[in-house]
>>> print(open('upload30.cif').read())   # mmCIF, C-alpha atoms (C1' of nucleotides)
data_upload
#
loop_
_atom_site.label_atom_id
_atom_site.label_comp_id
_atom_site.auth_asym_id
_atom_site.auth_seq_id
_atom_site.Cartn_x
_atom_site.Cartn_y
_atom_site.Cartn_z
CA MET A 1 -8.30 9.90 -11.66
CA ALA A 2 -11.61 11.44 -10.94
CA PHE A 3 -10.25 14.48 -9.19
CA ASP A 4 -7.91 15.38 -12.01
CA LYS A 5 -10.77 17.17 -13.70
CA HIS A 6 -10.89 19.70 -10.93
CA LYS A 7 -8.80 22.82 -10.59
CA GLY A 8 -5.84 21.55 -8.65
CA LEU A 9 -3.99 18.34 -8.23
CA PHE A 10 -5.20 18.02 -4.67
CA PRO A 11 -8.21 15.84 -4.07
CA THR A 12 -10.97 18.41 -3.89
CA ALA A 13 -13.85 18.31 -1.47
CA GLY A 14 -16.33 17.83 -4.29
CA HIS A 15 -14.57 15.16 -6.32
CA ASP A 16 -16.27 11.92 -7.20
CA HIS A 17 -14.39 9.61 -4.93
CA LYS A 18 -16.34 6.52 -5.89
CA THR A 19 -14.68 6.75 -9.25
CA CYS A 20 -11.27 6.88 -7.59
CA VAL A 21 -12.07 3.73 -5.67
CA SER A 22 -13.54 1.77 -8.53
CA SER A 23 -10.76 2.64 -10.91
CA ALA A 24 -8.18 1.71 -8.29
CA LEU A 25 -9.83 -1.64 -7.70
CA GLU A 26 -10.30 -2.33 -11.38
CA GLY A 27 -6.70 -1.37 -12.02
CA ALA A 28 -5.52 -3.69 -9.28
CA GLU A 29 -7.59 -6.55 -10.61
CA ARG A 30 -6.32 -6.06 -14.11
CA TYR A 31 -2.72 -5.80 -12.90
CA CYS A 32 -2.98 -8.98 -10.85
CA ARG A 33 -4.71 -10.87 -13.64
CA GLU A 34 -2.02 -9.86 -16.12
CA HIS A 35 0.79 -10.78 -13.74
CA GLY A 36 -0.60 -14.01 -12.35
CA LEU A 37 -1.04 -12.59 -8.87
CA ARG A 38 -3.84 -13.37 -6.45
CA LEU A 39 -5.85 -10.39 -5.34
CA THR A 40 -7.46 -12.33 -2.52
CA THR A 41 -10.51 -11.23 -0.58
CA LEU A 42 -8.30 -9.97 2.21
CA ARG A 43 -5.95 -8.07 -0.05
CA ARG A 44 -8.85 -6.56 -1.93
CA GLN A 45 -10.48 -5.57 1.34
CA VAL A 46 -7.30 -3.90 2.57
CA LEU A 47 -6.89 -2.08 -0.72
CA GLU A 48 -10.47 -0.87 -0.57
CA LEU A 49 -10.03 0.31 3.02
CA VAL A 50 -6.87 2.19 2.09
CA TRP A 51 -8.88 3.84 -0.65
CA THR A 52 -11.56 5.00 1.77
CA SER A 53 -10.06 8.44 1.30
CA HIS A 54 -6.96 10.20 0.03
CA ARG A 55 -5.68 10.44 3.57
CA PRO A 56 -2.86 8.04 4.43
CA VAL A 57 -4.12 5.50 6.94
CA GLY A 58 -2.22 3.56 9.60
CA ALA A 59 -1.91 -0.20 9.71
CA TYR A 60 -3.69 -0.47 13.04
CA ALA A 61 -6.60 1.64 11.85
CA LEU A 62 -6.96 -0.77 8.95
CA LEU A 63 -6.72 -3.65 11.37
CA GLU A 64 -9.61 -2.30 13.43
CA GLN A 65 -11.75 -1.89 10.37
CA ILE A 66 -10.99 -5.37 9.14
CA SER A 67 -11.91 -6.75 12.54
CA SER A 68 -15.09 -4.70 12.69
CA GLU A 69 -16.07 -6.14 9.35
CA GLY A 70 -16.13 -9.54 10.96
CA ARG A 71 -12.85 -11.06 9.93
CA LYS A 72 -10.33 -12.45 12.41
CA ALA A 73 -7.32 -10.22 12.14
CA ALA A 74 -4.02 -9.62 13.87
CA PRO A 75 -1.15 -7.31 12.88
CA PRO A 76 0.40 -9.77 10.41
CA THR A 77 -2.94 -9.99 8.67
CA VAL A 78 -2.78 -6.39 7.61
CA TYR A 79 0.99 -6.03 7.28
CA ARG A 80 1.19 -8.95 4.90
CA SER A 81 -1.48 -7.49 2.72
CA LEU A 82 0.13 -4.07 2.83
CA ASP A 83 3.44 -5.65 1.85
CA PHE A 84 1.83 -7.37 -1.10
CA LEU A 85 0.10 -4.21 -2.25
CA MET A 86 3.27 -2.17 -1.90
CA GLU A 87 5.43 -4.73 -3.61
CA HIS A 88 3.20 -4.45 -6.64
CA GLY A 89 2.85 -0.69 -6.54
CA LEU A 90 -0.84 -0.64 -5.69
CA ILE A 91 -0.27 1.45 -2.58
CA HIS A 92 2.55 3.58 -1.22
CA ARG A 93 3.90 3.94 2.27
CA ILE A 94 4.23 7.42 3.70
CA ALA A 95 7.31 7.05 5.87
CA SER A 96 6.91 10.36 7.67
CA LEU A 97 3.47 9.27 8.88
CA ASN A 98 3.88 5.52 9.18
CA ALA A 99 0.81 5.29 7.00
CA TYR A 100 -0.36 3.95 3.66
CA VAL A 101 -2.20 5.47 0.73
CA GLY A 102 -3.50 4.21 -2.58
CA CYS A 103 -1.40 4.72 -5.67
CA SER A 104 -2.91 7.26 -8.04
CA HIS A 105 -0.62 6.44 -10.93
CA LEU A 106 -1.15 2.77 -11.54
CA THR A 107 -0.58 3.01 -15.24
CA HIS A 108 3.06 3.95 -15.28
CA ASN A 109 6.23 3.34 -13.35
CA HIS A 110 7.13 6.19 -11.07
CA ALA A 111 8.85 7.17 -7.90
CA PRO A 112 6.29 8.02 -5.24
CA ARG A 113 6.16 11.75 -4.60
CA PHE A 114 3.63 13.28 -2.28
CA PHE A 115 2.31 16.57 -1.08
CA ILE A 116 0.57 16.03 2.25
CA CYS A 117 -1.60 18.56 4.04
CA ASP A 118 -1.01 18.72 7.79
CA GLN A 119 -4.48 20.10 8.34
CA CYS A 120 -6.89 18.01 6.28
CA GLY A 121 -4.52 15.07 6.05
CA GLU A 122 -5.00 14.57 2.32
CA ALA A 123 -2.11 13.39 0.19
CA ALA A 124 -1.67 14.25 -3.46
CA GLU A 125 0.59 12.12 -5.58
CA LEU A 126 2.53 14.17 -8.03
CA ASP A 127 4.46 13.51 -11.19
CA ASP A 128 7.12 15.99 -12.16
CA PRO A 129 9.81 14.96 -14.61
CA ALA A 130 11.87 17.97 -13.51
CA ILE A 131 12.27 16.38 -10.08
CA ASP A 132 12.98 12.99 -11.58
CA ASP A 133 15.60 14.41 -13.89
CA ALA A 134 17.33 16.41 -11.18
CA ILE A 135 17.54 13.38 -8.91
CA ALA A 136 18.71 11.16 -11.74
CA ARG A 137 21.49 13.62 -12.59
CA ASP A 138 22.61 13.76 -8.97
CA ALA A 139 22.63 9.99 -8.70
CA GLU A 140 24.66 9.73 -11.86
CA LYS A 141 27.18 12.25 -10.62
CA LEU A 142 27.56 10.19 -7.44
CA GLY A 143 27.59 6.87 -9.23
CA PHE A 144 24.68 5.94 -7.02
CA ARG A 145 22.29 3.18 -8.08
CA ILE A 146 18.81 4.15 -6.94
CA GLU A 147 16.58 1.43 -5.53
CA ARG A 148 13.86 3.29 -3.63
CA GLN A 149 12.74 6.85 -3.15
CA THR A 150 10.81 8.74 -0.53
CA LEU A 151 9.65 12.26 -1.26
CA GLU A 152 7.12 13.72 1.11
CA ILE A 153 6.34 17.42 1.17
CA SER A 154 4.22 18.40 4.15
CA GLY A 155 2.46 21.66 4.75
CA ILE A 156 -0.89 23.32 4.16
CA CYS A 157 -2.89 22.76 1.01
CA ALA A 158 -4.60 25.57 -0.85
CA GLN A 159 -8.07 24.67 0.33
CA CYS A 160 -7.08 24.65 3.99
CA GLU A 161 -5.05 27.81 3.57
CA ASN A 162 -8.08 29.57 2.14
CA GLY A 163 -10.27 28.41 4.96
CA ALA A 164 -12.29 26.01 2.89
CA ILE A 165 -14.61 23.83 4.95
CA ALA A 166 -11.77 22.50 7.18
CA MET B 1 33.08 19.38 5.47
CA ALA B 2 36.13 17.25 5.52
CA PHE B 3 34.98 14.77 2.94
CA ASP B 4 34.03 17.41 0.41
CA LYS B 5 37.62 17.51 -0.71
CA HIS B 6 37.39 13.96 -1.93
CA LYS B 7 36.17 12.79 -5.29
CA GLY B 8 32.51 12.23 -4.59
CA LEU B 9 29.89 13.62 -2.31
CA PHE B 10 29.67 10.38 -0.40
CA PRO B 11 31.68 10.11 2.76
CA THR B 12 34.72 8.22 1.60
CA ALA B 13 36.49 5.50 3.49
CA GLY B 14 39.57 7.61 3.87
CA HIS B 15 38.08 10.92 4.87
CA ASP B 16 39.16 12.70 8.02
CA HIS B 17 36.11 12.14 10.13
CA LYS B 18 37.49 13.87 13.19
CA THR B 19 37.24 17.09 11.24
CA CYS B 20 33.58 16.35 10.47
CA VAL B 21 32.89 15.88 14.15
CA SER B 22 34.79 18.88 15.39
CA SER B 23 33.31 21.21 12.81
CA ALA B 24 29.83 19.91 13.60
CA LEU B 25 30.33 20.47 17.31
CA GLU B 26 31.89 23.86 16.81
CA GLY B 27 29.10 24.83 14.47
CA ALA B 28 26.51 23.72 17.00
CA GLU B 29 28.17 25.66 19.75
CA ARG B 30 28.38 28.79 17.68
CA TYR B 31 24.77 28.43 16.57
CA CYS B 32 23.51 27.98 20.12
CA ARG B 33 25.60 30.84 21.41
CA GLU B 34 24.30 33.16 18.71
CA HIS B 35 20.70 32.13 19.31
CA GLY B 36 20.68 32.03 23.08
CA LEU B 37 20.20 28.28 23.19
CA ARG B 38 21.67 25.89 25.70
CA LEU B 39 23.82 23.15 24.24
CA THR B 40 23.82 21.19 27.49
CA THR B 41 26.15 18.34 28.30
CA LEU B 42 23.47 15.84 27.38
CA ARG B 43 22.58 17.50 24.10
CA ARG B 44 26.22 17.82 23.18
CA GLN B 45 26.80 14.19 24.04
CA VAL B 46 23.87 13.08 21.86
CA LEU B 47 25.09 15.25 19.01
CA GLU B 48 28.56 13.80 19.31
CA LEU B 49 27.18 10.26 19.34
CA VAL B 50 25.09 10.96 16.25
CA TRP B 51 28.27 12.18 14.61
CA THR B 52 30.11 8.95 15.38
CA SER B 53 29.70 8.22 11.68
CA HIS B 54 27.76 9.27 8.61
CA ARG B 55 25.40 6.37 9.16
CA PRO B 56 21.98 7.30 10.54
CA VAL B 57 21.65 5.92 14.05
CA GLY B 58 18.54 4.85 15.95
CA ALA B 59 17.34 6.46 19.15
CA TYR B 60 17.71 3.27 21.17
CA ALA B 61 21.27 2.75 19.96
CA LEU B 62 22.05 6.24 21.20
CA LEU B 63 20.28 5.43 24.44
CA GLU B 64 22.49 2.41 25.00
CA GLN B 65 25.61 4.41 24.38
CA ILE B 66 24.53 7.18 26.72
CA SER B 67 23.83 4.61 29.41
CA SER B 68 27.12 2.87 28.83
CA GLU B 69 28.86 6.18 29.30
CA GLY B 70 27.53 6.26 32.83
CA ARG B 71 24.55 8.58 32.59
CA LYS B 72 21.08 7.62 33.75
CA ALA B 73 18.99 7.54 30.63
CA ALA B 74 15.54 6.48 29.51
CA PRO B 75 13.85 6.96 26.13
CA PRO B 76 12.74 10.54 26.86
CA THR B 77 16.33 11.41 27.66
CA VAL B 78 17.41 10.79 24.12
CA TYR B 79 14.20 11.77 22.34
CA ARG B 80 14.16 15.17 23.98
CA SER B 81 17.71 15.83 22.93
CA LEU B 82 17.01 14.61 19.43
CA ASP B 83 13.98 16.91 19.26
CA PHE B 84 16.08 19.85 20.35
CA LEU B 85 18.81 19.10 17.83
CA MET B 86 16.29 18.62 15.03
CA GLU B 87 14.34 21.73 15.91
CA HIS B 88 17.50 23.74 15.43
CA GLY B 89 18.66 21.92 12.34
CA LEU B 90 21.72 20.33 13.91
CA ILE B 91 20.59 16.85 12.95
CA HIS B 92 18.05 15.38 10.55
CA ARG B 93 15.67 12.49 10.96
CA ILE B 94 15.69 9.79 8.29
CA ALA B 95 12.04 8.78 8.25
CA SER B 96 12.53 5.69 6.13
CA LEU B 97 14.98 4.31 8.71
CA ASN B 98 13.64 5.78 11.96
CA ALA B 99 17.12 7.07 12.49
CA TYR B 100 19.04 10.28 12.92
CA VAL B 101 22.09 11.78 11.27
CA GLY B 102 24.14 14.91 11.71
CA CYS B 103 23.47 17.86 9.46
CA SER B 104 26.27 18.47 6.99
CA HIS B 105 25.04 21.88 5.90
CA LEU B 106 24.88 23.88 9.08
CA THR B 107 25.73 27.14 7.42
CA HIS B 108 22.67 27.60 5.28
CA ASN B 109 18.97 26.91 5.33
CA HIS B 110 18.01 23.92 3.32
CA ALA B 111 15.55 21.11 2.94
CA PRO B 112 17.12 17.83 4.01
CA ARG B 113 17.89 15.64 1.02
CA PHE B 114 19.71 12.37 1.38
CA PHE B 115 21.25 9.59 -0.61
CA ILE B 116 21.51 6.53 1.61
CA CYS B 117 23.43 3.37 0.80
CA ASP B 118 21.62 0.15 1.71
CA GLN B 119 24.88 -1.70 1.95
CA CYS B 120 27.31 0.44 3.91
CA GLY B 121 24.57 2.47 5.55
CA GLU B 122 26.18 5.82 4.89
CA ALA B 123 24.07 8.85 4.16
CA ALA B 124 25.16 11.76 2.01
CA GLU B 125 23.38 15.04 2.34
CA LEU B 126 22.96 16.74 -0.96
CA ASP B 127 22.16 20.22 -2.15
CA ASP B 128 20.68 20.59 -5.58
CA PRO B 129 18.90 23.80 -6.47
CA ALA B 130 17.32 22.02 -9.44
CA ILE B 131 15.38 19.80 -7.03
CA ASP B 132 14.50 22.74 -4.82
CA ASP B 133 13.26 24.74 -7.78
CA ALA B 134 11.19 21.92 -9.21
CA ILE B 135 9.50 21.30 -5.88
CA ALA B 136 8.93 25.01 -5.33
CA ARG B 137 7.29 25.32 -8.74
CA ASP B 138 5.02 22.37 -8.03
CA ALA B 139 4.04 23.78 -4.66
CA GLU B 140 3.26 27.11 -6.22
CA LYS B 141 1.11 25.52 -8.89
CA LEU B 142 -0.83 23.74 -6.15
CA GLY B 143 -1.00 26.74 -3.87
CA PHE B 144 0.66 24.53 -1.28
CA ARG B 145 2.57 26.11 1.60
CA ILE B 146 5.53 23.88 2.37
CA GLU B 147 6.42 23.30 6.01
CA ARG B 148 8.62 20.21 6.00
CA GLN B 149 10.28 17.99 3.45
CA THR B 150 11.53 14.45 3.38
CA LEU B 151 13.65 13.30 0.47
CA GLU B 152 15.45 10.01 0.91
CA ILE B 153 17.00 8.20 -2.02
CA SER B 154 18.08 4.68 -1.12
CA GLY B 155 20.23 2.32 -3.12
CA ILE B 156 23.85 1.37 -3.57
CA CYS B 157 26.66 3.90 -3.43
CA ALA B 158 29.51 3.90 -5.90
CA GLN B 159 32.04 2.48 -3.48
CA CYS B 160 29.86 -0.48 -2.58
CA GLU B 161 28.90 -1.01 -6.19
CA ASN B 162 32.55 -1.23 -7.13
CA GLY B 163 33.30 -3.67 -4.39
CA ALA B 164 35.31 -1.29 -2.26
CA ILE B 165 36.19 -2.64 1.16
CA ALA B 166 32.54 -3.33 2.09
"C1'" DT C 1 19.36 34.61 47.12
"C1'" DT C 2 15.14 33.69 45.29
"C1'" DC C 3 12.23 32.62 41.91
"C1'" DA C 4 10.43 31.09 37.50
"C1'" DT C 5 11.49 28.34 33.92
"C1'" DA C 6 14.02 25.11 31.39
"C1'" DA C 7 16.06 20.70 31.48
"C1'" DT C 8 16.30 16.19 33.04
"C1'" DG C 9 14.83 11.98 35.71
"C1'" DT C 10 11.54 8.32 36.14
"C1'" DA C 11 7.75 5.08 35.39
"C1'" DA C 12 4.38 3.65 32.64
"C1'" DT C 13 2.40 2.95 28.30
"C1'" DA C 14 1.22 3.81 23.35
"C1'" DT C 15 2.23 2.85 18.58
"C1'" DT C 16 4.24 0.48 14.81
"C1'" DA C 17 6.17 -3.72 13.07
"C1'" DT C 18 8.11 -8.49 12.89
"C1'" DA C 19 9.20 -13.47 14.15
"C1'" DA C 20 7.90 -18.08 14.46
"C1'" DC C 21 5.02 -21.66 13.87
"C1'" DA C 22 0.22 -23.77 12.88
"C1'" DT C 23 -3.55 -24.12 9.85
"C1'" DT C 24 -6.25 -23.43 5.78
"C1'" DC C 25 -6.91 -22.59 1.05
"C1'" DC C 26 -6.29 -23.18 -3.83
"C1'" DA C 27 -4.43 -24.40 -8.34
"C1'" DC C 28 -2.67 -28.28 -10.43
"C1'" DG C 29 -1.91 -32.96 -12.04
"C1'" DT C 30 -3.91 -37.25 -11.86
"C1'" DA D 1 -13.32 -35.97 -7.36
"C1'" DC D 2 -8.69 -36.67 -4.96
"C1'" DG D 3 -4.50 -35.72 -3.09
"C1'" DT D 4 -0.58 -32.76 -3.08
"C1'" DG D 5 2.48 -28.82 -2.55
"C1'" DG D 6 3.07 -24.17 -2.07
"C1'" DA D 7 0.83 -19.83 -1.10
"C1'" DA D 8 -2.01 -17.40 2.01
"C1'" DT D 9 -3.79 -16.71 6.38
"C1'" DG D 10 -4.38 -17.55 11.47
"C1'" DT D 11 -2.31 -17.22 15.98
"C1'" DT D 12 0.69 -16.01 19.73
"C1'" DA D 13 4.29 -13.62 21.26
"C1'" DT D 14 7.53 -10.07 21.15
"C1'" DA D 15 10.61 -6.45 19.12
"C1'" DA D 16 11.41 -1.70 17.98
"C1'" DT D 17 10.14 3.02 18.10
"C1'" DA D 18 8.04 6.82 20.49
"C1'" DT D 19 5.13 9.49 23.83
"C1'" DT D 20 2.61 10.89 28.21
"C1'" DA D 21 2.59 12.39 32.75
"C1'" DC D 22 4.50 13.75 36.65
"C1'" DA D 23 8.67 14.45 39.89
"C1'" DT D 24 13.10 16.48 40.54
"C1'" DT D 25 17.05 19.23 39.50
"C1'" DA D 26 19.67 22.86 37.33
"C1'" DT D 27 20.10 27.55 35.44
"C1'" DG D 28 19.95 32.24 34.71
"C1'" DA D 29 17.62 36.61 35.57
"C1'" DA D 30 15.65 39.84 38.97
#
>>> encode(input="upload30.cif", output="structure tokens")
Amino acid sequence: MAFDKHKGLFPTAGHDHKTCVSSALEGAERYCREHGLRLTTLRRQVLELVWTSHRPVGAYALLEQISSEGRKAAPPTVYRSLDFLMEHGLIHRIASLNAYVGCSHLTHNHAPRFFICDQCGEAAELDDPAIDDAIARDAEKLGFRIERQTLEISGICAQCENGAIA
Amino acid sequence: MAFDKHKGLFPTAGHDHKTCVSSALEGAERYCREHGLRLTTLRRQVLELVWTSHRPVGAYALLEQISSEGRKAAPPTVYRSLDFLMEHGLIHRIASLNAYVGCSHLTHNHAPRFFICDQCGEAAELDDPAIDDAIARDAEKLGFRIERQTLEISGICAQCENGAIA
DNA sequence: TTCATAATGTAATATTATAACATTCCACGT
DNA sequence: ACGTGGAATGTTATAATATTACATTATGAA
């Protein structure tokens, strides 16, 4: 992703977000093409709105934006699209915020793992095999078959901690 | 806890749940006494209701039970008690279920980490320093100051997988 | 006992999500 | 191009979860 070139994993203030958006959309289109799925106008619009930033966004905020862009929309309009996008791993749900964010790791299977800044609201998706391995070992010990995972670490990101912009 | 003596970490069908409840209540009372907190009748009642089982329970289910036990209760009644109990680590919130479960690790500070069975609904609280360490390392790399954590692993527990009782 | 504060009661409402059914759209075979 | 069947969306209503604001009551400390 565009912001990976910068110092940290967190989306930095100066990163080229347009690249994030376009690669997310291209990735989604490729994925749907290859899997015979329909990335309809609505679904694409929802995906694009989710990708407005790296801040998880609520379903009703999306709904307002869809409406303001001229389309007739009610809750099911957005929830159905969110369900589709989640089902195919194009976005993730942040359970602790009841909000949704674009997937930054389209190219490989992964459990969603997020660091989320309480101050700026940005979410960074993280891959760490050490976490994966530890959880897998625990599951094995328990004989537990994992179906879904939620890992959300909230706090203050480095930029906010250091008083960057705000 | 009572079920720790059994084979797995998961609450087993045969475990002595009364011991879970009494040690949770005793622990809460000791904690509140030592910290100058008031474990009021209402708070104690909510805690006891949460401890009815190892299955996370919703706020409105608790509300119904409180009402049925004769007390006047509205949503704030239960939410305020839940907030108190969470603030002091006596219960945890399961964000992916909008539900609440008693804390099984009263005696030490810890990030809440759960395995939750989709079938029987039971939640097992787990301690694994390997997970803690991996997350701590990632946070340090990011310069991220952790405030709260949510780790919820959902799937099928060993007992359900093996067709135990159901 | 009195007072300040904490806890709870009460009413209204906000926020998030789903159910149920109607309509429209689109790929496909003809 | 035409009709068809299933997928997608529109529409209305409502469920489920949670909070705000203000009134009242209970509690412990001075």
>>> resolve_selection(input="upload30.cif", expression="the PyMOL selection byres ((chain A) within 10 of (chain C))", output="ChimeraX atom specification")
/A:58-60,75-76,79,98-99
>>> interface_residues(input="upload30.cif", of="chain D", to="chain A", cutoff="9 Å", atoms="only C-alpha atoms (C1' of nucleotides)", output="short mmCIF file (atom, residue, chain, number, x, y, z; two decimals) with C-alpha atoms (C1' of nucleotides), in the frame of the given file")
data_model
loop_
_atom_site.label_atom_id
_atom_site.label_comp_id
_atom_site.auth_asym_id
_atom_site.auth_seq_id
_atom_site.Cartn_x
_atom_site.Cartn_y
_atom_site.Cartn_z
"C1'" DA D 8 -2.01 -17.40 2.01
"C1'" DT D 9 -3.79 -16.71 6.38
"C1'" DG D 10 -4.38 -17.55 11.47
"C1'" DT D 11 -2.31 -17.22 15.98
#
>>> resolve_selection(input="upload30.cif", expression="the PyMOL selection byres ((chain A) within 8 of (chain B))", output="MDAnalysis selection string")
chainID A and resid 8:10 95:96 128 130:131 134:135 138 142:158
>>> atom_distance(input="upload30.cif", atom1="CA of Tyr31 (chain A)", atom2="CA of Gly14 (chain A)")
28.6 Å
>>> closest_residue(input="upload30.cif", among="B:Thr41, B:Gln119, B:Asn109, B:Ser23", to="DA26 (chain D)", atoms="only C-alpha atoms (C1' of nucleotides)")
B:Thr41
>>> atom_distance(input="upload30.cif", atom1="CA of Trp51 (chain A)", atom2="CA of Gly102 (chain A)")
5.7 Å
>>> atom_distance(input="upload30.cif", atom1="CA of Cys103 (chain B)", atom2="CA of Ile91 (chain B)")
4.6 Å
